[in-house]
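Novice: What follows is protein.cif; its format and atoms are mmCIF, C-alpha atoms.
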data_my_file
#
loop_
_atom_site.group_PDB
_atom_site.id
_atom_site.type_symbol
_atom_site.label_atom_id
_atom_site.label_comp_id
_atom_site.auth_asym_id
_atom_site.auth_seq_id
_atom_site.Cartn_x
_atom_site.Cartn_y
_atom_site.Cartn_z
ATOM 1 C CA ARG Q 1 16.382 18.607 -24.401
ATOM 2 C CA GLY Q 2 15.956 17.188 -20.946
ATOM 3 C CA HIS Q 3 14.502 13.841 -20.064
ATOM 4 C CA THR Q 4 12.806 12.377 -17.021
ATOM 5 C CA ILE Q 5 14.251 9.639 -14.874
ATOM 6 C CA THR Q 6 11.922 7.904 -12.439
ATOM 7 C CA LEU Q 7 13.673 6.698 -9.314
ATOM 8 C CA ARG Q 8 12.324 3.333 -8.250
ATOM 9 C CA GLU Q 9 14.174 2.893 -4.960
ATOM 10 C CA ASN Q 10 14.298 5.206 -1.958
ATOM 11 C CA LYS Q 11 17.832 5.627 -0.598
ATOM 12 C CA ARG Q 12 17.210 8.721 1.555
ATOM 13 C CA ASN Q 13 15.329 7.296 4.517
ATOM 14 C CA SER Q 14 14.025 4.064 5.924
ATOM 15 C CA TYR Q 15 10.907 2.321 4.686
ATOM 16 C CA ALA Q 16 9.155 3.177 7.964
ATOM 17 C CA ILE Q 17 9.790 6.920 7.615
ATOM 18 C CA ARG Q 18 8.808 7.002 3.951
ATOM 19 C CA CYS Q 19 5.664 4.987 4.644
ATOM 20 C CA PHE Q 20 4.810 7.245 7.596
ATOM 21 C CA ALA Q 21 5.125 10.358 5.405
ATOM 22 C CA GLU Q 22 3.042 8.730 2.653
ATOM 23 C CA ARG Q 23 0.099 8.642 5.075
ATOM 24 C CA LEU Q 24 -0.262 12.333 4.264
ATOM 25 C CA ASN Q 25 -1.170 11.201 0.734
ATOM 26 C CA GLY Q 26 -3.634 8.548 1.944
ATOM 27 C CA ALA Q 27 -1.303 5.523 1.988
ATOM 28 C CA LYS Q 28 -1.755 2.856 4.648
ATOM 29 C CA CYS Q 29 1.164 2.307 7.006
ATOM 30 C CA PRO Q 30 0.894 0.002 10.002
ATOM 31 C CA ILE Q 31 2.246 1.473 13.226
ATOM 32 C CA GLU Q 32 4.363 -1.662 13.742
ATOM 33 C CA ASP Q 33 6.522 -0.696 10.762
ATOM 34 C CA ALA Q 34 7.337 2.659 12.329
ATOM 35 C CA ARG Q 35 7.256 2.188 16.099
ATOM 36 C CA ASN Q 36 11.057 2.345 16.628
ATOM 37 C CA LYS Q 37 11.746 5.051 14.033
ATOM 38 C CA ILE Q 38 8.957 7.601 14.553
ATOM 39 C CA HIS Q 39 7.867 9.242 17.776
ATOM 40 C CA ILE Q 40 5.039 11.749 18.161
ATOM 41 C CA VAL Q 41 5.284 13.369 21.560
ATOM 42 C CA ASN Q 42 3.208 15.854 23.506
ATOM 43 C CA ALA Q 43 6.135 17.649 25.105
ATOM 44 C CA ASP Q 44 6.757 20.824 27.024
ATOM 45 C CA GLU Q 45 10.136 22.522 26.721
ATOM 46 C CA GLN Q 46 11.761 20.502 29.531
ATOM 47 C CA ARG Q 47 10.801 17.233 27.855
ATOM 48 C CA VAL Q 48 12.252 18.560 24.573
ATOM 49 C CA VAL Q 49 15.517 19.394 26.368
ATOM 50 C CA ASP Q 50 15.575 15.853 27.790
ATOM 51 C CA LEU Q 51 14.985 14.479 24.273
ATOM 52 C CA LEU Q 52 17.887 16.542 22.912
ATOM 53 C CA ARG Q 53 20.162 15.217 25.646
ATOM 54 C CA ASN Q 54 19.064 11.651 24.940
ATOM 55 C CA ILE Q 55 19.724 12.043 21.215
ATOM 56 C CA ALA Q 56 23.123 13.667 21.859
ATOM 57 C CA GLN Q 57 24.128 10.760 24.073
ATOM 58 C CA ARG Q 58 22.770 7.993 21.842
ATOM 59 C CA ALA Q 59 23.510 9.452 18.410
ATOM 60 C CA GLN Q 60 27.094 10.643 18.634
ATOM 61 C CA GLY Q 61 28.527 11.306 15.189
ATOM 62 C CA GLN Q 62 25.065 11.864 13.700
ATOM 63 C CA THR Q 63 23.262 14.960 12.491
ATOM 64 C CA THR Q 64 20.009 16.166 14.027
ATOM 65 C CA ALA Q 65 17.791 18.841 12.473
ATOM 66 C CA LEU Q 66 15.473 20.919 14.625
ATOM 67 C CA ILE Q 67 12.762 22.084 12.208
ATOM 68 C CA GLY Q 68 10.543 24.986 13.165
ATOM 69 C CA SER Q 69 11.100 28.532 14.339
ATOM 70 C CA VAL Q 70 14.877 29.016 14.314
ATOM 71 C CA GLY Q 71 14.627 31.558 17.147
ATOM 72 C CA HIS Q 72 12.687 29.093 19.287
ATOM 73 C CA TRP Q 73 15.171 26.283 18.640
ATOM 74 C CA MET Q 74 18.146 28.560 19.335
ATOM 75 C CA GLY Q 75 16.616 29.413 22.720
ATOM 76 C CA VAL Q 76 15.931 25.759 23.549
ATOM 77 C CA ALA Q 77 19.456 24.764 22.499
ATOM 78 C CA ALA Q 78 20.988 27.556 24.599
ATOM 79 C CA ARG Q 79 18.984 26.533 27.687
ATOM 80 C CA ALA Q 80 19.963 22.899 27.102
ATOM 81 C CA GLN Q 81 23.593 23.971 26.533
ATOM 82 C CA PHE Q 82 23.714 22.388 23.084
ATOM 83 C CA PRO Q 83 25.790 24.222 20.498
ATOM 84 C CA LEU Q 84 24.210 24.484 17.071
ATOM 85 C CA ARG Q 85 26.572 23.456 14.275
ATOM 86 C CA CYS Q 86 27.695 24.441 10.814
ATOM 87 C CA PRO Q 87 26.380 22.221 8.002
ATOM 88 C CA GLU Q 88 29.650 20.335 7.553
ATOM 89 C CA GLU Q 89 29.757 19.069 11.152
ATOM 90 C CA THR Q 90 27.848 16.411 13.044
ATOM 91 C CA GLY Q 91 25.551 17.669 15.761
ATOM 92 C CA PHE Q 92 22.396 19.793 15.997
ATOM 93 C CA TYR Q 93 21.082 22.268 13.420
ATOM 94 C CA ALA Q 94 18.135 24.660 13.660
ATOM 95 C CA ILE Q 95 16.429 25.137 10.304
ATOM 96 C CA GLY Q 96 13.323 27.072 9.373
ATOM 97 C CA GLU Q 97 10.073 25.517 8.235
ATOM 98 C CA MET Q 98 10.557 26.575 4.616
ATOM 99 C CA VAL Q 99 14.243 25.653 4.256
ATOM 100 C CA GLY Q 100 14.529 21.861 4.550
ATOM 101 C CA LYS Q 101 13.841 20.758 0.977
ATOM 102 C CA GLY Q 102 16.777 18.771 -0.397
ATOM 103 C CA LEU Q 103 18.491 18.369 2.979
ATOM 104 C CA GLU Q 104 18.744 15.176 4.996
ATOM 105 C CA PHE Q 105 19.737 14.396 8.559
ATOM 106 C CA ASP Q 106 20.100 11.262 10.657
ATOM 107 C CA ASN Q 107 17.474 12.501 13.123
ATOM 108 C CA VAL Q 108 14.798 15.151 12.680
ATOM 109 C CA ILE Q 109 12.691 16.857 15.332
ATOM 110 C CA VAL Q 110 9.724 18.772 13.910
ATOM 111 C CA ASP Q 111 8.179 21.377 16.199
ATOM 112 C CA TYR Q 112 4.517 21.121 15.204
ATOM 113 C CA ASN Q 113 2.370 23.489 17.225
ATOM 114 C CA ARG Q 114 0.660 25.372 14.429
ATOM 115 C CA MET Q 115 -0.236 25.184 10.774
ATOM 116 C CA ILE Q 116 2.371 26.775 8.531
ATOM 117 C CA ALA Q 117 0.447 26.737 5.250
ATOM 118 C CA ASP Q 118 -2.721 28.506 4.180
ATOM 119 C CA ASP Q 119 -4.647 25.297 3.539
ATOM 120 C CA LEU Q 120 -4.579 21.608 4.465
ATOM 121 C CA ALA Q 121 -3.121 20.528 1.089
ATOM 122 C CA GLY Q 122 -0.235 22.975 1.471
ATOM 123 C CA GLU Q 123 0.280 21.859 5.060
ATOM 124 C CA LYS Q 124 0.530 18.237 3.936
ATOM 125 C CA ARG Q 125 3.129 19.107 1.278
ATOM 126 C CA LEU Q 126 5.315 21.036 3.736
ATOM 127 C CA ARG Q 127 5.038 18.413 6.462
ATOM 128 C CA TYR Q 128 5.875 15.677 3.934
ATOM 129 C CA VAL Q 129 9.128 17.531 3.201
ATOM 130 C CA HIS Q 130 9.844 17.880 6.932
ATOM 131 C CA PHE Q 131 9.133 14.226 7.708
ATOM 132 C CA THR Q 132 11.217 12.881 4.809
ATOM 133 C CA ARG Q 133 14.351 14.793 5.849
ATOM 134 C CA ALA Q 134 14.987 12.050 8.443
ATOM 135 C CA ARG Q 135 17.220 9.119 7.525
ATOM 136 C CA ARG Q 136 17.051 7.171 10.811
ATOM 137 C CA ARG Q 137 14.598 8.666 13.331
ATOM 138 C CA LEU Q 138 11.787 11.200 13.218
ATOM 139 C CA TYR Q 139 10.350 13.024 16.228
ATOM 140 C CA ILE Q 140 7.258 15.197 15.947
ATOM 141 C CA ARG Q 141 6.687 17.466 18.922
ATOM 142 C CA TYR Q 142 3.511 19.305 19.789
ATOM 143 C CA GLU Q 143 2.266 20.783 23.053
ATOM 144 C CA GLY Q 144 -1.303 20.542 24.331
ATOM 145 C CA GLU Q 145 -3.872 19.372 21.794
ATOM 146 C CA PRO Q 146 -2.467 17.639 18.697
ATOM 147 C CA PRO Q 147 -2.833 19.639 15.473
ATOM 148 C CA GLU Q 148 -5.635 18.622 13.109
ATOM 149 C CA LEU Q 149 -3.296 16.972 10.610
ATOM 150 C CA LEU Q 150 -1.790 14.697 13.272
ATOM 151 C CA ARG Q 151 -5.265 13.713 14.484
ATOM 152 C CA GLU Q 152 -6.401 13.049 10.916
ATOM 153 C CA CYS Q 153 -3.443 11.034 9.611
ATOM 154 C CA TYR Q 154 -1.699 9.684 12.715
ATOM 155 C CA ALA Q 155 -4.356 9.052 15.383
ATOM 156 C CA ASP Q 156 -2.885 5.602 16.135
ATOM 157 C CA PHE Q 157 0.508 7.200 16.946
ATOM 158 C CA LEU Q 158 -1.045 9.637 19.426
ATOM 159 C CA GLY Q 159 -2.351 7.095 21.926
#
Have the structure of the file written as C-alpha cells, please.
Specialist:
Amino acid sequence: RGHTITLRENKRNSYAIRCFAERLNGAKCPIEDARNKIHIVNADEQRVVDLLRNIAQRAQGQTTALIGSVGHWMGVAARAQFPLRCPEETGFYAIGEMVGKGLEFDNVIVDYNRMIADDLAGEKRLRYVHFTRARRRLYIRYEGEPPELLRECYADFLG
C-alpha cells in the first residue's frame, strides 16, 4: 500500500513567489516580499516584446515559459524574432494554459486577459499552478482593465 509524505519545505520557487500565489487561497503576503520577483503589468504587444528582449538579455542561460494561448505566443515570439525552444534547452517556451502542471522555469510570463475556468474557484486553482511554475521571476500580463481575480487578490500590485 502507498503512504503519504508531507513536504515541509518548498524547493521549487522563492518564498516571495509562493507567498504571492498563496494569496489566491486567502493568505497574507506583503508586497515588499515580492516587489523584485513579481511584476503585474498592463502591457500591449509592443511592451511584451520589450519585456521578452529584456529577459533574454538579463537572463541568459535561463528558461522562460510563456503561458497562455500557444498561437498567440508563437506570433509574439516571431514578431520579436525570438526562437521558441525544445524542453531540453535554455530559452523561451510557449505552453498552453492547461499544460504547465509539474513543470518549472526560471521565469514565467502569464498572459492573463480572460478567465480560463468556468468559475472563480477553478480559476484560482489554474492560476495558482501558473504562478508557481516560476523559480525566480513571475510576470503577469493583462491589457486594458485588470481581470477580476487580479483586482480581488492583488490590488496593491496593480497601482
Novice: Q:Ala155, Q:Ala94, Q:Leu126, Q:Ala43: which is nearest Arg141 (chain Q), counting all atoms listed in the file?
Specialist: Q:Ala43
Novice: Using CA of Arg127 (chain Q) and CA of Asp106 (chain Q) as the two end points, give the distance in Å to one decimal.
Specialist: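 We find that CA of Arg127 (chain Q) and CA of Asp106 (chain Q) lie 17.2 Å from each other.
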Novice: One decimal, in Å: what's the spacing between CA of Asn107 (chain Q) and CA of Ala21 (chain Q)?
Specialist: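 Interatomic distance, CA of Asn107 (chain Q) to CA of Ala21 (chain Q): 14.7 Å.
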Novice: Quick one: of Q:Asn42, Q:Ala78, Q:Leu149, Q:Cys29, who's nearest to Arg114 (chain Q), counting all atoms listed in the file?
Specialist: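 Of Q:Asn42, Q:Ala78, Q:Leu149, Q:Cys29, the one nearest Arg114 (chain Q), counting all atoms listed in the file, is Q:Leu149.
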Novice: Report, in Å with one decimal, the straight-line distance from CA of Val76 (chain Q) to CA of Cys153 (chain Q).
Specialist: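 Distance between the two atoms: 28.0 Å.
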Novice: Return as JSON the box centre and box size in Å, one decimal, for an axis-aligned box around all listed atoms of region 10-26 of chain Q padded by 4 Å per side.
Specialist:
{"center_x": 7.1, "center_y": 7.3, "center_z": 3.0, "size_x": 29.5, "size_y": 18.0, "size_z": 17.9}
Novice: Name the closest residue to Gly144 (chain Q) among the candidates Q:Val49, Q:Ile31, Q:Leu158, Q:Leu66; distances are taken between atoms, counting all atoms listed in the file.
Specialist: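 Of Q:Val49, Q:Ile31, Q:Leu158, Q:Leu66, the one nearest Gly144 (chain Q) is Q:Leu158, counting all atoms listed in the file.
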Novice: Just so the selection is clear, what residues does the PyMOL selection byres ((chain Q and resi 150) around 12) cover here, as a PyMOL selection string?
Specialist: chain Q and resi 20-21+23-24+39-42+112-115+120+123-124+127+140-142+145-149+151-159
Novice: When you count only C-alpha atoms, which of these residues is closest to Ile116 (chain Q): Q:Arg79, Q:Met74, Q:Ser69, Q:Glu22?
Specialist: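 For Ile116 (chain Q), the nearest of the given residues is Q:Ser69.
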Novice: Any chance you could work out the residue set of the PyMOL selection byres ((chain Q and resi 95) around 7) here, as a compact mmCIF listing (two decimals) with C-alpha atoms, in the frame of the given file?
Specialist:
# COMPACT_ATOMS: atom_id res chain seq x y z
CA ALA Q 65 17.79 18.84 12.47
CA LEU Q 66 15.47 20.92 14.62
CA ILE Q 67 12.76 22.08 12.21
CA GLY Q 68 10.54 24.99 13.16
CA VAL Q 70 14.88 29.02 14.31
CA TYR Q 93 21.08 22.27 13.42
CA ALA Q 94 18.14 24.66 13.66
CA GLY Q 96 13.32 27.07 9.37
CA GLU Q 97 10.07 25.52 8.24
CA VAL Q 99 14.24 25.65 4.26
CA GLY Q 100 14.53 21.86 4.55
Novice: Between Q:Tyr128, Q:Trp73, Q:Tyr15, Q:Phe105, single out the one closest to Arg35 (chain Q), counting all atoms listed in the file.
Specialist: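 Of all the options, Q:Tyr15 lies closest to Arg35 (chain Q).
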Novice: Pick out the closest residue to Arg133 (chain Q) from this set: Q:Leu51, Q:Ile17, Q:Ala56, Q:Met98. Count all atoms listed in the file.
Specialist: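 Result for the nearest residue to Arg133 (chain Q): Q:Ile17.
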Novice: Which neighbours of Gln62 (chain Q) fall inside 6 Å, counting all atoms listed in the file, when residues of the same chain fewer than 2 positions from it are skipped, and could you give them as a list in words?
Specialist: Ala59, Gln60, Thr90 and Asp106 of chain Q
Novice: Identify the residues around (25.3, 17.0, 15.1) within a radius of 7 Å, measuring from only C-alpha atoms in the coordinates stated by the file, and give them as a VMD selection string.
Specialist: chain Q and resid 61 to 64 85 89 to 93
Novice: Leaving out Gly102 (chain Q) and any residue of its chain fewer than 6 positions from it, which residues lie within 12 Å of it when counting all atoms listed in the file, given as a PyMOL selection string?
Specialist: chain Q and resi 12+129-130+132-134
Novice: Could you write those residues out with C-alpha atoms, as a compact mmCIF listing (two decimals), in the frame of the given file?
Specialist:
# COMPACT_ATOMS: atom_id res chain seq x y z
CA ARG Q 12 17.21 8.72 1.56
CA VAL Q 129 9.13 17.53 3.20
CA HIS Q 130 9.84 17.88 6.93
CA THR Q 132 11.22 12.88 4.81
CA ARG Q 133 14.35 14.79 5.85
CA ALA Q 134 14.99 12.05 8.44
